[in-house]
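Have a look at the structure below before the remarks.
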Amino acid sequence: MEVTNMTSVTSMPNQASMAGWLNMPDMPGMPDMAAIFPRIPLGQWLEAAIEFLVTHLAPATRAFSAVTESGLNLLEAGLDALPPALVIAVVGLAAWRVTRKVGLGVFAVAGLALVWNMGLWQATMSTLALVLVATLLAVLVGIPLGIAAAMSDRARAVVMPVLDVMQTMPAFVYLIPAIPFFGLGKVAAVFATVIFAMPPAIRFTCLGIRQVPAELVECAEAFGTGRFQRLVKLELPLAAPTMLAGVNQTVMLALSMVVIAAMIGARGLGGEVWKAIQRLEMGNGFEAGIGIVIVAICLDRILQHVGKRVGG
Amino acid sequence: MAKIEIRNLTKIFGPAPDKALAMVREGKPKDEIYKRTKHAVGVNRATFDVEEGEIVVVMGLSGSGKSTLVRCLNRLIEPTDGMVRIDGADVTSLSVKDLRALRQRTFGMVFQNFALFPHRTVLENAEYGLEVMGASKAARRDKAAEALARVGLGGWEAARPGQLSGGMQQRVGLARALALDPDILLMDEAFSALDPLIRRDMQDELLRLQDDVRKTIVFISHDLDEALKIGDRIVLMRDGAVVQVGTPEDILTSPADDYVARFVADVDIARVLTAGTVMKRSEAVAVLGVDGPRTALRKMRNHAIATLFVLDRNHKLVGLVTADDIADHMAGGVRDLAAIMRTDITTVPPETPASELIPLMAGLPHPLAVTDERGRLAGVIVRGLLLGALAERGGNA
């Protein structure tokens with residue numbers, strides 16, 4: 001008894017000190033980190049850098065804002081103007097023709113009809129417009145970057161670590177700098193979405209080009225092909241299926257980010273979910289969530305088959 | 001001046017080849033160089049010429065450096081040291097731009113695994129070189145279609161490479177190289193991936209094409225039978241170095257060292273020797289309209305032979321007379337050999353393999369005539385000559 005007691009008593013201070021070390025930063029006896037080495041103001045530096053960019057890039061961001069906003073509004077208005085029944089029929093037909101699966105056509109028609117029926121049509125079109133614009137921008141920037149990374153080892157050495165950071169950074173973090181640049185609203189949402197959705201477009205383009213068989217590259221060289229000719233005549237055509245897989249990923253990421261971006265003012269289906277969270281309306285939240293799933297499945301399946309078609 | 005001159009051509013693989021290069025110059029063996037410097041010697045001071053219009057087969061086992069050597073000619077692999085001259089102009093010092101132009105104009109290349117572009121049709125593949133050169137659409141279409149017809153693929157223009165058999169794919173590869181009408185064809189194990197029957201067809205096809213187009217061809221092979229069949233000359237390589245350069249007969253009859261001798265030991269001599277190599281020049285012939293029966297008889301007596309080939313004034317073989325026939329007709333007062341000679345004689349072209357000559361000669365009462373493509377008498381083969389040749393070469397190997 002005595003012995004066990006003793007051991008338990010002696011172990012007590014140990015446990016206490018362990019817990020204290022975890023809970024209390026200023027535990028006596030433990031030197032403060034800041035006393036040895038001053039705290040690095042990494043956050044402040046980043047903030048200063050962003051503020052600097054915000055003020056100095058103002059004309060550019062304003063121009064980007066204007067173009068994106070008007071494009072977005074136009075697209076949204078156009079999509080909205082189309083009769084839902086027509087859109088549903090066209091998407092259903094496209095799903096059937098492209099995938100050659102009747103089931104998917106039926107699913108697309110039934111799913112979109114459900115979305116319409118739940119009163120989420122306008123929100124869906126708004127989300128779709130955001131996804132399309134964000135994807136377009138991500139592809140316009142991403143594919144050239146991917147080509148550069150494939151053609152130059154130096155470009156690759158810069159781009160790839162940046163992509164690693166971009167892809168491990170929590171998606172929410174991109175929302176924060178979007179606001180000072182573009183203010184709350186759709187453009188900020190598009191910006192954050194583009195940043196978030198771009199990596200696959202870059203990676204898959206680079207991968208597709210680098211995967212072109214070495215013997216074909218050698219053959220092209222043997223016939224005196226120039227570097228640009230090689231890209232256009234050999235590498236891009238052979239990389240096309242891989243690049244399209246990348247674009248498909250970009251679309252999917254854009255869709256997921258557009259939902260998150262509802263927090264900074266993107267409306268659409270994400271906006272419905274966000275509203276439901278704030279008001280704890282479980283039913284509405286799930287309805288909007290189901291709408292997102294339906295849109296995602298339609299986009300994904302159709303794009304995948306387009307990729308396969310191109311691959312021959 | 002030779003079409004291609006290769007002088008001391010050396011390739012060392014690795015980031016800092018200087019030390020290894022010095023060892024190569026000292027004549028150190030490949031293994032030792034690798035152990036000391038961790039640099040692999042791909043090609044070791046290769047020196048030989050390729051003449052205009054000939055087929056030179058570079059052969060050796062895998063790892064002997066033959067593929068590296070051929071890639072040094074158009075600098076797909078950058079040589080470490082030495083010189084390659086084409087028509088007297090140094091290739092190793094060309095700028096990137098001039099090198100590209102040289103590759104477009106001078107070289108056609110055919111690859112072991114075809115290396116066809118899967119996203120292009122057969123016609124578009126054949127057009128590739130011309131397209132890169134910037135030829136007009138109509139011109140390249142015509143030339144590509146012509147090249148495809150030449151290799152027997154007329155009508156397949158719209159197909160994709162994936163739809164064709166291996167042999168047909170390599171025909172496309174050949175057409176792609178020929179469409180450019182290049183001076184030099186580089187063929188890297190071009191037929192090695194094909195099954196044996198197709199391979200033999202393609203070899204025949206290449207020889208037939210070569211009769212038409214007369215290109216300078218550098219052909220890489222690890223197959224001695226192939227080398228002997230298509231090579232005007234053979235370059236044998238081992239461990240990156242050239243061991244022997246010579247005609248197929250040179251290689252067979254006087255191998256430079258044990259390595260070459262072992263290489264040729266398994267060759268079926270009867271298949272390699274041809275009518276052209278075993279025939280002898282015939283000293284005695286009768287010329288139609290010049291020699292009468294009496295002269296013919298005297299020539300036979302002088303050379304101790306019983307038959308005499310009759311040629312016209314253009315040296316074209318027209319018939320054969322025997323001593324018995326002449327004796328029969330002279331009694332009847334015939335003065336013209338044309339009336340006496342037999343015209344139903346057996347002739348063979350010089351490239352006929354010895355294996356086919358043996359059965360031919362078995363039933364033949366007189367020597368076999370070897371004639372060239374214009375019907376002129378190139379030489380004669382008597383049975384003893386053929387057997388002697390077979391025995392001799394067989395004994396050497």
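Residue numbering restarts at 1 in every chain; chains get A, B, ... in the order shown in the structure tokens, and ligands count up from 1 in that same order.
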Quiz item: For chain B, which residues have at least one atom within 6 Å of chain A, if we go by only C-alpha atoms? Write them as a list in words, please.
Solution: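 Therefore, the residues near the partner are Arg100, Arg103, Gln104, Ala115, Gly129 and Val132 of chain B.
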Self-check item: Selection near Tyr174 of chain A, 10 Å with only C-alpha atoms, sequence-local residues under 4 positions removed, as an NGL selection string
Solution: :A and (166 or 169-170 or 178-179 or 188-189 or 191-196 or 257 or 261)
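Proximity to segment 117-124 of chain B at 6 Å, evaluated using only C-alpha atoms and with sequence-adjacent residues fewer than 5 positions away removed, yields Glu157, Ala158, Ala159 and Arg160 of chain B.
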Residues from last step as file, N, CA and C atoms, as a tab-separated table (two decimals), in the first residue's frame:
```tsv
chain	number	residue	atom	x	y	z
B	157	GLU	N	-4.26	5.52	-96.82
B	157	GLU	CA	-3.93	6.88	-96.36
B	157	GLU	C	-4.75	7.32	-95.15
B	158	ALA	N	-6.03	6.96	-95.13
B	158	ALA	CA	-6.91	7.51	-94.10
B	158	ALA	C	-6.88	6.71	-92.80
B	159	ALA	N	-6.19	5.55	-92.81
B	159	ALA	CA	-6.19	4.71	-91.61
B	159	ALA	C	-5.33	5.34	-90.52
B	160	ARG	N	-5.56	4.90	-89.30
B	160	ARG	CA	-4.70	5.31	-88.18
B	160	ARG	C	-3.64	4.23	-87.96
```
Quiz prompt | Among the residues B:Tyr128, B:Phe114, B:Phe219, B:Phe263, the one that comes closest to Val58 of chain B [using only C-alpha atoms] | solution =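 Of B:Tyr128, B:Phe114, B:Phe219, B:Phe263, the one nearest Val58 of chain B is B:Phe219, counting only C-alpha atoms.
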Quiz prompt | Between atom CA of Asp49 of chain B and atom CA of Pro182 of chain B, distance in Å (one decimal) | solution = 18.4 Å
Practice problem: To one decimal in Å, tell me the separation between atom CA of Leu377 of chain B and atom CA of Ala284 of chain B. | Solution: 11.6 Å
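Once Ser282 of chain B and its same-chain neighbours fewer than 6 positions away are set aside, Lys299, Met300, His303, Ile305, Thr307, Leu308, Phe309, Val310, Leu311, Pro367, Leu368, Ala369, Val370, Thr371, Leu377, Ala378, Gly379, Val380, Ile381 and Val382 of chain B remain within 12 Å of it when counting only C-alpha atoms.
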Could those residues be written to a file, using all heavy atoms, as a compact mmCIF listing (two decimals), in the first residue's frame?
```
# COMPACT_ATOMS: atom_id res chain seq x y z
N LYS B 299 38.33 -23.22 -129.62
CA LYS B 299 38.32 -22.63 -128.27
C LYS B 299 38.04 -23.69 -127.21
O LYS B 299 38.64 -23.70 -126.14
CB LYS B 299 37.26 -21.52 -128.18
CG LYS B 299 37.70 -20.21 -128.80
CD LYS B 299 36.67 -19.12 -128.55
CE LYS B 299 37.16 -17.79 -129.11
NZ LYS B 299 36.14 -16.74 -129.03
N MET B 300 37.10 -24.58 -127.53
CA MET B 300 36.77 -25.64 -126.56
C MET B 300 37.98 -26.54 -126.33
O MET B 300 38.29 -26.89 -125.20
CB MET B 300 35.61 -26.47 -127.07
CG MET B 300 34.26 -25.78 -126.94
SD MET B 300 32.94 -26.90 -127.38
CE MET B 300 32.07 -25.94 -128.57
N HIS B 303 40.63 -24.82 -124.14
CA HIS B 303 40.31 -24.71 -122.72
C HIS B 303 39.86 -26.03 -122.10
O HIS B 303 39.43 -26.04 -120.94
CB HIS B 303 39.23 -23.64 -122.51
CG HIS B 303 39.75 -22.25 -122.71
ND1 HIS B 303 39.72 -21.61 -123.92
CD2 HIS B 303 40.36 -21.38 -121.85
CE1 HIS B 303 40.26 -20.42 -123.82
NE2 HIS B 303 40.66 -20.25 -122.56
N ILE B 305 37.20 -27.85 -122.57
CA ILE B 305 35.80 -27.89 -122.13
C ILE B 305 34.92 -28.43 -123.26
O ILE B 305 35.32 -28.41 -124.43
CB ILE B 305 35.29 -26.48 -121.71
CG1 ILE B 305 35.64 -25.44 -122.80
CG2 ILE B 305 35.85 -26.09 -120.36
CD1 ILE B 305 35.16 -24.05 -122.48
N THR B 307 31.55 -27.52 -123.62
CA THR B 307 30.46 -26.61 -124.00
C THR B 307 31.00 -25.19 -124.05
O THR B 307 31.99 -24.86 -123.39
CB THR B 307 29.30 -26.64 -122.98
OG1 THR B 307 29.85 -26.35 -121.70
CG2 THR B 307 28.62 -27.99 -122.97
N LEU B 308 30.28 -24.35 -124.81
CA LEU B 308 30.73 -22.96 -124.97
C LEU B 308 29.49 -22.07 -124.99
O LEU B 308 28.53 -22.35 -125.70
CB LEU B 308 31.50 -22.85 -126.28
CG LEU B 308 32.42 -21.65 -126.49
CD1 LEU B 308 33.55 -21.65 -125.47
CD2 LEU B 308 33.00 -21.70 -127.90
N PHE B 309 29.49 -21.00 -124.19
CA PHE B 309 28.36 -20.06 -124.22
C PHE B 309 28.51 -19.13 -125.41
O PHE B 309 29.62 -18.72 -125.75
CB PHE B 309 28.29 -19.25 -122.93
CG PHE B 309 27.79 -20.06 -121.77
CD1 PHE B 309 28.64 -20.46 -120.74
CD2 PHE B 309 26.45 -20.45 -121.73
CE1 PHE B 309 28.17 -21.22 -119.69
CE2 PHE B 309 25.98 -21.21 -120.67
CZ PHE B 309 26.83 -21.59 -119.66
N VAL B 310 27.38 -18.80 -126.04
CA VAL B 310 27.39 -17.94 -127.21
C VAL B 310 26.80 -16.59 -126.83
O VAL B 310 25.70 -16.52 -126.27
CB VAL B 310 26.58 -18.56 -128.36
CG1 VAL B 310 26.67 -17.68 -129.60
CG2 VAL B 310 27.07 -19.97 -128.65
N LEU B 311 27.54 -15.51 -127.12
CA LEU B 311 27.05 -14.16 -126.82
C LEU B 311 26.84 -13.40 -128.13
O LEU B 311 27.45 -13.73 -129.14
CB LEU B 311 28.10 -13.40 -125.99
CG LEU B 311 28.68 -14.09 -124.77
CD1 LEU B 311 29.67 -13.16 -124.06
CD2 LEU B 311 27.58 -14.51 -123.81
N PRO B 367 27.62 -26.19 -117.60
CA PRO B 367 27.77 -25.19 -116.54
C PRO B 367 26.55 -24.27 -116.48
O PRO B 367 25.83 -24.11 -117.45
CB PRO B 367 29.01 -24.40 -116.95
CG PRO B 367 29.74 -25.27 -117.90
CD PRO B 367 28.71 -26.08 -118.60
N LEU B 368 26.37 -23.68 -115.30
CA LEU B 368 25.26 -22.75 -115.09
C LEU B 368 25.74 -21.34 -115.42
O LEU B 368 26.82 -20.92 -114.98
CB LEU B 368 24.83 -22.82 -113.61
CG LEU B 368 23.61 -22.04 -113.19
CD1 LEU B 368 22.36 -22.58 -113.87
CD2 LEU B 368 23.46 -22.13 -111.68
N ALA B 369 24.91 -20.62 -116.21
CA ALA B 369 25.29 -19.26 -116.59
C ALA B 369 24.72 -18.27 -115.58
O ALA B 369 23.56 -18.38 -115.19
CB ALA B 369 24.76 -18.94 -117.98
N VAL B 370 25.54 -17.32 -115.14
CA VAL B 370 25.06 -16.25 -114.25
C VAL B 370 24.97 -14.99 -115.09
O VAL B 370 25.95 -14.56 -115.69
CB VAL B 370 26.04 -16.03 -113.08
CG1 VAL B 370 25.50 -14.96 -112.14
CG2 VAL B 370 26.28 -17.33 -112.34
N THR B 371 23.77 -14.41 -115.16
CA THR B 371 23.59 -13.24 -116.01
C THR B 371 23.14 -12.05 -115.17
O THR B 371 22.48 -12.22 -114.15
CB THR B 371 22.53 -13.49 -117.10
OG1 THR B 371 21.34 -13.95 -116.46
CG2 THR B 371 22.99 -14.53 -118.10
N LEU B 377 26.36 -12.05 -119.78
CA LEU B 377 26.98 -13.14 -119.04
C LEU B 377 27.96 -12.56 -118.01
O LEU B 377 28.92 -11.88 -118.35
CB LEU B 377 27.74 -14.06 -120.01
CG LEU B 377 28.34 -15.32 -119.38
CD1 LEU B 377 27.23 -16.25 -118.89
CD2 LEU B 377 29.24 -16.04 -120.37
N ALA B 378 27.67 -12.82 -116.72
CA ALA B 378 28.54 -12.30 -115.67
C ALA B 378 29.59 -13.33 -115.30
O ALA B 378 30.71 -12.99 -114.92
CB ALA B 378 27.71 -11.92 -114.45
N GLY B 379 29.23 -14.61 -115.40
CA GLY B 379 30.18 -15.65 -115.03
C GLY B 379 29.52 -17.00 -115.17
O GLY B 379 28.34 -17.08 -115.54
N VAL B 380 30.30 -18.04 -114.91
CA VAL B 380 29.72 -19.38 -115.00
C VAL B 380 30.05 -20.13 -113.71
O VAL B 380 31.02 -19.82 -113.01
CB VAL B 380 30.29 -20.16 -116.21
CG1 VAL B 380 29.91 -19.47 -117.50
CG2 VAL B 380 31.79 -20.33 -116.10
N ILE B 381 29.19 -21.09 -113.42
CA ILE B 381 29.43 -21.93 -112.25
C ILE B 381 29.44 -23.38 -112.70
O ILE B 381 28.49 -23.84 -113.35
CB ILE B 381 28.31 -21.74 -111.20
CG1 ILE B 381 28.22 -20.28 -110.78
CG2 ILE B 381 28.56 -22.63 -110.00
CD1 ILE B 381 27.03 -20.00 -109.89
N VAL B 382 30.51 -24.07 -112.38
CA VAL B 382 30.51 -25.52 -112.60
C VAL B 382 30.37 -26.17 -111.24
O VAL B 382 30.64 -25.54 -110.22
CB VAL B 382 31.80 -25.98 -113.32
CG1 VAL B 382 31.86 -25.40 -114.71
CG2 VAL B 382 33.03 -25.60 -112.52
```
Quiz prompt | For Val141 of chain A, the nearest of the candidates A:Ala201, A:Gly208, A:Phe107, A:Leu269, counting only C-alpha atoms | solution =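 Looking only at the distances to Val141 of chain A, the closest residue turns out to be A:Ala201.
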Exercise. Would you list the contacts of Arg7 of chain B as a ChimeraX atom specification, taking every protein, DNA or RNA residue within 8 Å and counting only C-alpha atoms, but skipping same-chain residues closer than 2 positions in sequence?
Key: /B:5,9,45-48,82-84
Quiz prompt | Given only C-alpha atoms as the counted atoms, nearest of A:Gly185, A:Pro38, A:Gly246, A:Pro161 to Ala197 of chain A | solution =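 That would be A:Gly246, the residue with the smallest distance to Ala197 of chain A.
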For the alpha helix (DSSP H) assignment from backbone DSSP, which residues of segment 234-269 of chain A qualify? Please present them as a tab-separated table (two decimals) with all heavy atoms, in the first residue's frame.
```tsv
chain	number	residue	atom	x	y	z
A	236	LEU	N	0.79	18.77	-77.62
A	236	LEU	CA	-0.55	19.16	-77.22
A	236	LEU	C	-1.61	18.17	-77.68
A	236	LEU	O	-2.48	17.80	-76.89
A	236	LEU	CB	-0.87	20.59	-77.70
A	236	LEU	CG	-0.15	21.70	-76.93
A	236	LEU	CD1	-0.55	23.08	-77.46
A	236	LEU	CD2	-0.41	21.62	-75.44
A	237	PRO	N	-1.56	17.69	-78.94
A	237	PRO	CA	-2.56	16.69	-79.33
A	237	PRO	C	-2.52	15.43	-78.47
A	237	PRO	O	-3.56	14.90	-78.08
A	237	PRO	CB	-2.21	16.35	-80.78
A	237	PRO	CG	-1.43	17.50	-81.27
A	237	PRO	CD	-0.72	18.07	-80.08
A	238	LEU	N	-1.32	14.97	-78.13
A	238	LEU	CA	-1.23	13.75	-77.34
A	238	LEU	C	-1.59	14.01	-75.87
A	238	LEU	O	-2.02	13.11	-75.16
A	238	LEU	CB	0.16	13.14	-77.44
A	238	LEU	CG	0.49	12.49	-78.78
A	238	LEU	CD1	1.87	11.87	-78.77
A	238	LEU	CD2	-0.54	11.43	-79.13
A	239	ALA	N	-1.38	15.25	-75.43
A	239	ALA	CA	-1.67	15.57	-74.03
A	239	ALA	C	-3.14	15.92	-73.83
A	239	ALA	O	-3.60	16.00	-72.69
A	239	ALA	CB	-0.78	16.72	-73.56
A	240	ALA	N	-3.86	16.13	-74.93
A	240	ALA	CA	-5.24	16.66	-74.82
A	240	ALA	C	-6.13	15.87	-73.85
A	240	ALA	O	-6.81	16.48	-73.02
A	240	ALA	CB	-5.87	16.74	-76.20
A	241	PRO	N	-6.16	14.52	-73.92
A	241	PRO	CA	-7.04	13.81	-72.99
A	241	PRO	C	-6.67	14.06	-71.54
A	241	PRO	O	-7.56	14.26	-70.69
A	241	PRO	CB	-6.83	12.33	-73.35
A	241	PRO	CG	-6.28	12.33	-74.72
A	241	PRO	CD	-5.50	13.60	-74.86
A	242	THR	N	-5.38	14.09	-71.23
A	242	THR	CA	-4.94	14.36	-69.86
A	242	THR	C	-5.31	15.78	-69.46
A	242	THR	O	-5.78	16.02	-68.34
A	242	THR	CB	-3.41	14.18	-69.75
A	242	THR	OG1	-3.06	12.93	-70.34
A	242	THR	CG2	-2.96	14.20	-68.32
A	243	MET	N	-5.12	16.71	-70.41
A	243	MET	CA	-5.45	18.10	-70.09
A	243	MET	C	-6.94	18.24	-69.80
A	243	MET	O	-7.35	18.98	-68.90
A	243	MET	CB	-5.04	19.01	-71.26
A	243	MET	CG	-3.53	19.18	-71.36
A	243	MET	SD	-3.00	19.85	-72.95
A	243	MET	CE	-3.64	21.51	-72.85
A	244	LEU	N	-7.76	17.52	-70.56
A	244	LEU	CA	-9.20	17.60	-70.33
A	244	LEU	C	-9.58	17.01	-68.98
A	244	LEU	O	-10.49	17.51	-68.30
A	244	LEU	CB	-9.96	16.89	-71.45
A	244	LEU	CG	-10.27	17.83	-72.61
A	244	LEU	CD1	-10.75	17.05	-73.81
A	244	LEU	CD2	-11.32	18.85	-72.19
A	245	ALA	N	-8.87	15.95	-68.57
A	245	ALA	CA	-9.11	15.41	-67.24
A	245	ALA	C	-8.80	16.48	-66.20
A	245	ALA	O	-9.50	16.61	-65.19
A	245	ALA	CB	-8.25	14.18	-67.01
A	246	GLY	N	-7.75	17.27	-66.45
A	246	GLY	CA	-7.41	18.37	-65.55
A	246	GLY	C	-8.50	19.43	-65.52
A	246	GLY	O	-8.87	19.93	-64.46
A	247	VAL	N	-9.05	19.73	-66.69
A	247	VAL	CA	-10.11	20.73	-66.76
A	247	VAL	C	-11.34	20.22	-65.99
A	247	VAL	O	-11.99	20.98	-65.26
A	247	VAL	CB	-10.47	21.05	-68.22
A	247	VAL	CG1	-11.72	21.92	-68.29
A	247	VAL	CG2	-9.30	21.74	-68.90
A	248	ASN	N	-11.60	18.94	-66.12
A	248	ASN	CA	-12.72	18.35	-65.39
A	248	ASN	C	-12.53	18.55	-63.88
A	248	ASN	O	-13.44	18.97	-63.17
A	248	ASN	CB	-12.80	16.85	-65.73
A	248	ASN	CG	-14.02	16.19	-65.11
A	248	ASN	OD1	-14.97	16.87	-64.73
A	248	ASN	ND2	-13.97	14.89	-65.00
A	249	GLN	N	-11.30	18.29	-63.41
A	249	GLN	CA	-10.99	18.49	-61.99
A	249	GLN	C	-11.18	19.95	-61.61
A	249	GLN	O	-11.69	20.26	-60.55
A	249	GLN	CB	-9.54	18.10	-61.74
A	249	GLN	CG	-9.26	16.64	-61.95
A	249	GLN	CD	-9.17	15.93	-60.63
A	249	GLN	OE1	-8.41	16.34	-59.76
A	249	GLN	NE2	-9.96	14.90	-60.47
A	250	THR	N	-10.75	20.82	-62.49
A	250	THR	CA	-10.89	22.26	-62.21
A	250	THR	C	-12.36	22.63	-62.05
A	250	THR	O	-12.73	23.36	-61.13
A	250	THR	CB	-10.24	23.06	-63.36
A	250	THR	OG1	-8.84	22.84	-63.33
A	250	THR	CG2	-10.52	24.54	-63.22
A	251	VAL	N	-13.19	22.07	-62.91
A	251	VAL	CA	-14.63	22.36	-62.81
A	251	VAL	C	-15.16	21.88	-61.47
A	251	VAL	O	-15.90	22.59	-60.76
A	251	VAL	CB	-15.39	21.69	-63.97
A	251	VAL	CG1	-16.89	21.80	-63.74
A	251	VAL	CG2	-15.00	22.31	-65.29
A	252	MET	N	-14.75	20.67	-61.08
A	252	MET	CA	-15.25	20.12	-59.81
A	252	MET	C	-14.79	20.95	-58.62
A	252	MET	O	-15.55	21.25	-57.72
A	252	MET	CB	-14.75	18.67	-59.63
A	252	MET	CG	-15.36	17.69	-60.59
A	252	MET	SD	-17.15	17.62	-60.42
A	252	MET	CE	-17.63	18.21	-62.00
A	253	LEU	N	-13.51	21.35	-58.64
A	253	LEU	CA	-13.00	22.17	-57.55
A	253	LEU	C	-13.70	23.53	-57.55
A	253	LEU	O	-14.01	24.07	-56.48
A	253	LEU	CB	-11.49	22.37	-57.70
A	253	LEU	CG	-10.63	21.16	-57.36
A	253	LEU	CD1	-9.15	21.53	-57.43
A	253	LEU	CD2	-10.95	20.66	-55.96
A	254	ALA	N	-13.94	24.07	-58.74
A	254	ALA	CA	-14.62	25.36	-58.82
A	254	ALA	C	-16.01	25.26	-58.20
A	254	ALA	O	-16.43	26.13	-57.43
A	254	ALA	CB	-14.71	25.82	-60.28
A	255	LEU	N	-16.68	24.17	-58.48
A	255	LEU	CA	-18.02	23.97	-57.93
A	255	LEU	C	-17.97	23.91	-56.40
A	255	LEU	O	-18.78	24.55	-55.72
A	255	LEU	CB	-18.62	22.68	-58.50
A	255	LEU	CG	-20.08	22.43	-58.21
A	255	LEU	CD1	-20.93	23.57	-58.75
A	255	LEU	CD2	-20.51	21.11	-58.82
A	256	SER	N	-17.00	23.18	-55.87
A	256	SER	CA	-16.94	23.07	-54.41
A	256	SER	C	-16.55	24.41	-53.79
A	256	SER	O	-17.05	24.79	-52.74
A	256	SER	CB	-15.96	21.97	-53.99
A	256	SER	OG	-14.65	22.35	-54.29
A	257	MET	N	-15.69	25.17	-54.48
A	257	MET	CA	-15.25	26.45	-53.91
A	257	MET	C	-16.34	27.50	-54.00
A	257	MET	O	-16.46	28.35	-53.11
A	257	MET	CB	-14.00	26.93	-54.67
A	257	MET	CG	-13.33	28.13	-54.04
A	257	MET	SD	-12.70	27.75	-52.39
A	257	MET	CE	-12.29	29.39	-51.82
A	258	VAL	N	-17.12	27.43	-55.06
A	258	VAL	CA	-18.20	28.41	-55.22
A	258	VAL	C	-19.17	28.30	-54.04
A	258	VAL	O	-19.73	29.29	-53.59
A	258	VAL	CB	-18.91	28.16	-56.58
A	258	VAL	CG1	-20.32	28.65	-56.54
A	258	VAL	CG2	-18.15	28.86	-57.69
A	259	VAL	N	-19.33	27.09	-53.53
A	259	VAL	CA	-20.20	26.90	-52.37
A	259	VAL	C	-19.58	27.57	-51.14
A	259	VAL	O	-20.24	28.30	-50.40
A	259	VAL	CB	-20.42	25.40	-52.13
A	259	VAL	CG1	-21.20	25.18	-50.86
A	259	VAL	CG2	-21.14	24.80	-53.33
A	260	ILE	N	-18.28	27.33	-50.94
A	260	ILE	CA	-17.61	27.93	-49.79
A	260	ILE	C	-17.59	29.45	-49.92
A	260	ILE	O	-17.77	30.19	-48.95
A	260	ILE	CB	-16.16	27.39	-49.69
A	260	ILE	CG1	-16.19	25.89	-49.39
A	260	ILE	CG2	-15.38	28.13	-48.62
A	260	ILE	CD1	-14.86	25.23	-49.48
A	268	GLY	N	-26.22	31.99	-55.15
A	268	GLY	CA	-26.40	30.68	-55.77
A	268	GLY	C	-26.68	29.60	-54.75
A	268	GLY	O	-27.12	29.88	-53.63
A	269	LEU	N	-26.41	28.35	-55.15
A	269	LEU	CA	-26.73	27.21	-54.29
A	269	LEU	C	-25.96	27.28	-52.99
A	269	LEU	O	-26.47	26.95	-51.92
A	269	LEU	CB	-26.40	25.90	-55.02
A	269	LEU	CG	-27.35	25.55	-56.18
A	269	LEU	CD1	-26.82	24.36	-56.96
A	269	LEU	CD2	-28.75	25.26	-55.65
```
Selection near Asp312 of chain B, 6 Å with only C-alpha atoms, sequence-local residues under 2 positions removed, as an mmCIF file with N, CA, C and O atoms, in the first residue's frame:
```cif
data_model
loop_
_atom_site.group_PDB
_atom_site.id
_atom_site.type_symbol
_atom_site.label_atom_id
_atom_site.label_comp_id
_atom_site.auth_asym_id
_atom_site.auth_seq_id
_atom_site.Cartn_x
_atom_site.Cartn_y
_atom_site.Cartn_z
ATOM 1 N N VAL B 287 31.342 -15.577 -130.016
ATOM 2 C CA VAL B 287 30.542 -14.388 -130.310
ATOM 3 C C VAL B 287 29.813 -14.611 -131.630
ATOM 4 O O VAL B 287 30.416 -14.936 -132.646
ATOM 5 N N LEU B 288 28.508 -14.410 -131.553
ATOM 6 C CA LEU B 288 27.648 -14.676 -132.698
ATOM 7 C C LEU B 288 27.993 -13.731 -133.853
ATOM 8 O O LEU B 288 28.128 -12.531 -133.644
ATOM 9 N N ASN B 314 26.751 -7.523 -128.111
ATOM 10 C CA ASN B 314 26.591 -6.689 -126.919
ATOM 11 C C ASN B 314 26.873 -7.467 -125.632
ATOM 12 O O ASN B 314 26.477 -7.047 -124.552
ATOM 13 N N HIS B 315 27.498 -8.607 -125.791
ATOM 14 C CA HIS B 315 27.859 -9.421 -124.649
ATOM 15 C C HIS B 315 26.638 -10.076 -124.004
ATOM 16 O O HIS B 315 26.673 -10.542 -122.878
ATOM 17 N N LYS B 316 25.513 -10.057 -124.713
ATOM 18 C CA LYS B 316 24.297 -10.650 -124.166
ATOM 19 C C LYS B 316 24.299 -12.144 -124.464
ATOM 20 O O LYS B 316 24.660 -12.573 -125.554
#
```
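From atom CA of Asp239 of chain B back to atom CA of Glu32 of chain B, the distance works out to 12.2 Å.
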